[in-house]
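Undergrad: Structure provided below as structure tokens; questions to follow.
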Amino acid sequence: MEELLTWVDENDDVIGYGEKLRTHELGQLHRAFSLFIYNRYVQKMLIHRRADGKYHSGGLWTNSCCSHPRKGEELREAVIRRMREELGIDLADSGYGNEAELINGLAEIGKFRYYHNYGRYSEYEIDHVFYLPIRKEKVELMIDRDEISEIKWISVADLKDWVAISPADFTAWFHTAFDMVCKKMQEDEGLVLRRDVNAGEKENSV
């Protein structure tokens, strides 16, 4: 089935739809999301390395899951769908009692606009950043190898250090999204993030 992405203007208002690769060939501004999953029991965040065969950013590390909502699909529905498809996480793995509880636990913490050229393709997105605290000590993952080559559970402090030392290991959109999540965790979770290193350059806020 053809995957139609949601084209938006700079205010994130829908202006049309387009096929995925064509959207990136045109460099058309479109709607996307980035999800960060944090396991409160082990106090670690889930990140993944993109499969080498991806049409851009292959082999780079990024957030837990990232993709686009399809035409007519709500953002939270898209996040939960891709969480299942890419990571194999469902209700039993999340620790939430039912679908409604999982949706309520999924917090959208903000959005930002960014552009990055990869040669033939360009990413020009309004990226909606989501945060999901997992309520289960052990999470069984079943990853989609077409999307993900490797996963890692890592403390936020260690991840901040890694980003500061080797920023090129990460995708273009990761830095701003990660910075937003760190602020969310400090403000709402009361989590002390040691070794306070700037996670990346600021982008245009929306």
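Chain labels follow the order of the structure tokens: the first chain is A, the next B, and so on; residue numbering restarts at 1 in every chain, and ligands are counted from 1 in their shown order.
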Mind checking which residues fall within 7 Å of segment 15-21 of chain A, counting only C-alpha atoms, ignoring those fewer than 6 positions away in the same chain, and posting them as a ChimeraX atom specification?

TA: /A:2-9,71

Undergrad: With only C-alpha atoms counted and 8 Å as the cut-off, give the residues of segment 74-110 of chain A in contact with segment 140-153 of chain A, each with its shortest interatomic distance in Å and the pair that gives it, as a tab-separated table.

TA:
```
residue	atom	partner	partner_atom	distance
A:Glu85	CA	A:Asp144	CA	6.9
A:Glu86	CA	A:Asp144	CA	4.9
A:Leu87	CA	A:Ile143	CA	4.4
A:Gly88	CA	A:Met142	CA	4.6
A:Ile89	CA	A:Leu141	CA	6.2
A:Asp93	CA	A:Glu140	CA	6.6
```

Undergrad: Looking only at alpha helix (DSSP H) from DSSP on the backbone, list the matching residues of segment 127-174 of chain A as a list of chain:residue names.

TA: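 Taking segment 127-174 of chain A and keeping alpha helix (DSSP H) gives A:Val156, A:Ala157, A:Asp158, A:Leu159, A:Lys160, A:Asp161, A:Trp162, A:Val163, A:Ala164, A:Ile165, A:Phe174.
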
Undergrad: Kindly save the residues from that selection, with C-alpha atoms included, as a PDB file, in the first residue's frame.

TA:
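Saved to part.pdb:
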```
ATOM      1  CA  VAL A 156      20.756   9.550  30.122  1.00  0.00           C
ATOM      2  CA  ALA A 157      24.002  10.826  31.659  1.00  0.00           C
ATOM      3  CA  ASP A 158      26.100   8.423  29.572  1.00  0.00           C
ATOM      4  CA  LEU A 159      24.106   9.298  26.461  1.00  0.00           C
ATOM      5  CA  LYS A 160      24.691  13.011  27.029  1.00  0.00           C
ATOM      6  CA  ASP A 161      28.434  12.354  27.285  1.00  0.00           C
ATOM      7  CA  TRP A 162      28.431  10.288  24.094  1.00  0.00           C
ATOM      8  CA  VAL A 163      26.546  12.970  22.164  1.00  0.00           C
ATOM      9  CA  ALA A 164      28.969  15.657  23.376  1.00  0.00           C
ATOM     10  CA  ILE A 165      32.059  13.635  22.419  1.00  0.00           C
ATOM     11  CA  PHE A 174      18.277  13.589  17.334  1.00  0.00           C
TER      12      PHE A 174
END
```

Undergrad: Pick out the residues sitting within 12 Å of Val42 of chain A, and hand them over as a list in words; count only C-alpha atoms, and ignore anything fewer than 6 positions along from it in its own chain.

TA: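 The neighbour list is Pro133, Ile134, Arg135, Lys136, Glu137, Lys138, Val139, Trp153, Ile154, Ser155 and Val156 of chain A.
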
Undergrad: I need the chosen residues saved as a CSV table (one decimal), in the first residue's frame, with N, CA and C atoms.

TA:
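Result file is again16.csv:
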```csv
chain,number,residue,atom,x,y,z
A,133,PRO,N,7.4,6.8,29.4
A,133,PRO,CA,8.0,6.0,30.5
A,133,PRO,C,7.5,4.6,30.6
A,134,ILE,N,8.3,3.6,30.5
A,134,ILE,CA,7.9,2.2,30.6
A,134,ILE,C,7.7,1.8,32.1
A,135,ARG,N,6.6,1.0,32.3
A,135,ARG,CA,6.3,0.7,33.7
A,135,ARG,C,6.6,-0.8,34.0
A,136,LYS,N,7.6,-1.4,33.3
A,136,LYS,CA,7.9,-2.8,33.5
A,136,LYS,C,9.4,-2.9,33.5
A,137,GLU,N,9.9,-3.8,34.4
A,137,GLU,CA,11.3,-3.9,34.6
A,137,GLU,C,12.0,-4.5,33.4
A,138,LYS,N,11.5,-5.5,32.9
A,138,LYS,CA,12.1,-6.2,31.7
A,138,LYS,C,11.2,-6.1,30.5
A,139,VAL,N,11.7,-5.6,29.4
A,139,VAL,CA,11.0,-5.4,28.2
A,139,VAL,C,11.5,-6.3,27.1
A,153,TRP,N,20.1,0.1,25.6
A,153,TRP,CA,19.6,0.7,26.8
A,153,TRP,C,20.8,1.5,27.4
A,154,ILE,N,20.6,2.8,27.7
A,154,ILE,CA,21.7,3.6,28.1
A,154,ILE,C,21.2,4.6,29.1
A,155,SER,N,22.0,4.9,30.1
A,155,SER,CA,21.6,6.0,31.0
A,155,SER,C,21.7,7.3,30.3
A,156,VAL,N,20.8,8.2,30.8
A,156,VAL,CA,20.8,9.5,30.1
A,156,VAL,C,22.1,10.3,30.3
```

Undergrad: Neighbouring residues of Tyr115 of chain A were defined as those with any atom within 9 Å, considering only C-alpha atoms; residues of the same chain fewer than 3 positions away were excluded. Please report them as JSON, numbers by chain.

TA: {"A": [27, 29, 122, 123, 124, 125, 172, 173]}

Undergrad: Grab the atom CA of Gln43 of chain A to atom CA of Ser64 of chain A distance for me, in Å with one decimal place.

TA: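 These two atoms are separated by 14.7 Å.
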
Undergrad: Hey, what does DSSP flag as strand (DSSP E or B) within segment 95-170 of chain A? Can you give it to me as a PyMOL selection string?

TA: chain A and resi 107-117+122-134+148-154+170

Undergrad: For Ile37 of chain A, find every residue with an atom within 9 Å (counting only C-alpha atoms), except residues of its own chain fewer than 3 positions away, and show them as number ranges by chain.

TA: A: 44-47, 63-65, 130-134
